[in-house]
Amino acid sequence: QVQLEQSGAEVKKPGASVKVSCKTSGYSFTSYYLHWVRQAPGQGLESVGIINPSTGGTTYAQSFQGRVTITRETSTNTVYMELSRLTSDDTAVYYCARYLTMFGADYWGQGTLVIVSS
Amino acid sequence: DIQVTQSPSFLSASIGDRVTITCRANQGISSYLAWYQQKPGKAPKLLIFSASTLQTGVPSRFGGSGSGTEFTLTISSLQPEDFASYYCQQLNSYPYNFGQGTKLEIK
């Protein structure tokens, strides 16, 4: 069955970086885009960026440009999201999700809580 | 960027009620719209894609309609498990922005 398993919670200081992983299984890794979405406490859903695992090509939301890097490792079917220069506003649950292009995210990871605090 | 505006933000309803949530895009997105349900502490769940196609396993009391700039999610007869937050998402072009969400509460 399709599974997306994310790495565990992180606590970081302002100015630091965080790298969250999303290990996929149960489907052809290169056949579906992976999308990173975050949700601040009590808030809505916000797109961070998206990767085509087949080519490694990425697109990032404007508000994260220059701070986020999404990569993939085809040998382990894993996608990574690294966010740098963290501030308290980056405190959120970060989700990876498998995308059917134009149709939406049909499978999601369990979420990774990132807390940014001094 | 394509912005989507969802309304209402909060909705109070009773078991058995019919409810409707609206999502408006600031430019035409054909039928490239999805609806998600999210319960506290859980990842979102895809309910509807292509504006009106029910995802496998989603009960038939959920329905979606619309195209272009205006879309609706309807729950025909609310069940206890339907009390959650709901989000629309445009999928016409990146960034795939979400609506602000609707929290559906028990009256």
# chains A, B, ... in the order shown; residues from 1 in each chain; ligands from 1
>>> interface_residues(of="chain B", to="chain A", cutoff="8 Å", atoms="only C-alpha atoms", output="VMD selection string")
chain B and resid 32 to 34 42 to 46 49 to 50 89 91 to 92 94 to 101
>>> residues_around(residues="B:Ser9", least_positions_apart="3", cutoff="10 Å", atoms="only C-alpha atoms", output="list in words")
Thr5, Gln6, Ile21, Ser85, Tyr86, Gly99, Gln100, Gly101, Thr102, Lys103 and Leu104 of chain B
>>> write_last_selection(atoms="N, CA and C atoms", output="compact mmCIF listing (two decimals), in the first residue's frame")
# COMPACT_ATOMS: atom_id res chain seq x y z
N THR B 5 -10.82 32.10 -2.56
CA THR B 5 -11.51 32.61 -1.38
C THR B 5 -12.62 31.66 -1.01
N GLN B 6 -12.55 31.17 0.20
CA GLN B 6 -13.50 30.17 0.67
C GLN B 6 -14.42 30.79 1.70
N ILE B 21 -20.46 24.76 1.15
CA ILE B 21 -19.27 25.60 1.29
C ILE B 21 -18.89 26.07 -0.10
N SER B 85 -12.65 20.37 9.52
CA SER B 85 -12.36 21.53 8.67
C SER B 85 -12.26 21.08 7.23
N TYR B 86 -12.66 21.97 6.32
CA TYR B 86 -12.67 21.68 4.90
C TYR B 86 -11.90 22.76 4.15
N GLY B 99 -7.86 27.45 -0.19
CA GLY B 99 -8.75 28.39 0.46
C GLY B 99 -8.41 28.48 1.93
N GLN B 100 -9.01 29.46 2.61
CA GLN B 100 -8.68 29.72 4.01
C GLN B 100 -9.23 28.67 4.96
N GLY B 101 -10.15 27.85 4.48
CA GLY B 101 -10.71 26.79 5.30
C GLY B 101 -12.07 27.14 5.88
N THR B 102 -12.86 26.09 6.12
CA THR B 102 -14.16 26.22 6.77
C THR B 102 -14.19 25.22 7.91
N LYS B 103 -14.44 25.72 9.11
CA LYS B 103 -14.55 24.82 10.25
C LYS B 103 -16.03 24.53 10.48
N LEU B 104 -16.39 23.28 10.36
CA LEU B 104 -17.78 22.84 10.50
C LEU B 104 -17.97 22.29 11.91
>>> atom_distance(atom1="atom CA of A:Ala40", atom2="atom CA of A:Val114")
9.6 Å
>>> atom_distance(atom1="atom CA of B:Ile15", atom2="atom CA of B:Ala51")
24.9 Å
>>> closest_residue(among="B:Gln90, B:Leu54, B:Leu73, B:Ile48", to="B:Asn26", atoms="only C-alpha atoms")
B:Gln90
>>> atom_distance(atom1="atom CA of A:Ser118", atom2="atom CA of A:Gly15")
9.7 Å
>>> select_by_dssp(residues="chain B", states="strand (DSSP E or B)", output="ChimeraX atom specification")
/B:4-7,10-13,19-25,33-38,45-49,53-54,62-67,70-75,85-90,98,102-106
>>> closest_residue(among="A:Ser21, A:Thr58, A:Gln6, A:Ser28", to="A:Met81", atoms="only C-alpha atoms")
A:Ser21
>>> residues_around(residues="B:Ala25", least_positions_apart="5", cutoff="7 Å", atoms="only C-alpha atoms", output="number ranges by chain")
B: 2-5, 69-70
>>> closest_residue(among="B:Pro59, B:Leu47, B:Ser14, B:Val19", to="B:Ser76", atoms="only C-alpha atoms")
B:Val19
>>> closest_residue(among="B:Thr74, B:Ser12, B:Thr22, B:Ser30", to="B:Ser60", atoms="only C-alpha atoms")
B:Thr74
>>> closest_residue(among="A:Thr24, A:Thr87, A:Ser117, A:Ser17", to="A:Arg72", atoms="only C-alpha atoms")
A:Thr24
>>> closest_residue(among="A:Thr55, A:Pro14, A:Leu113, A:Ser25", to="A:Ala92", atoms="only C-alpha atoms")
A:Leu113
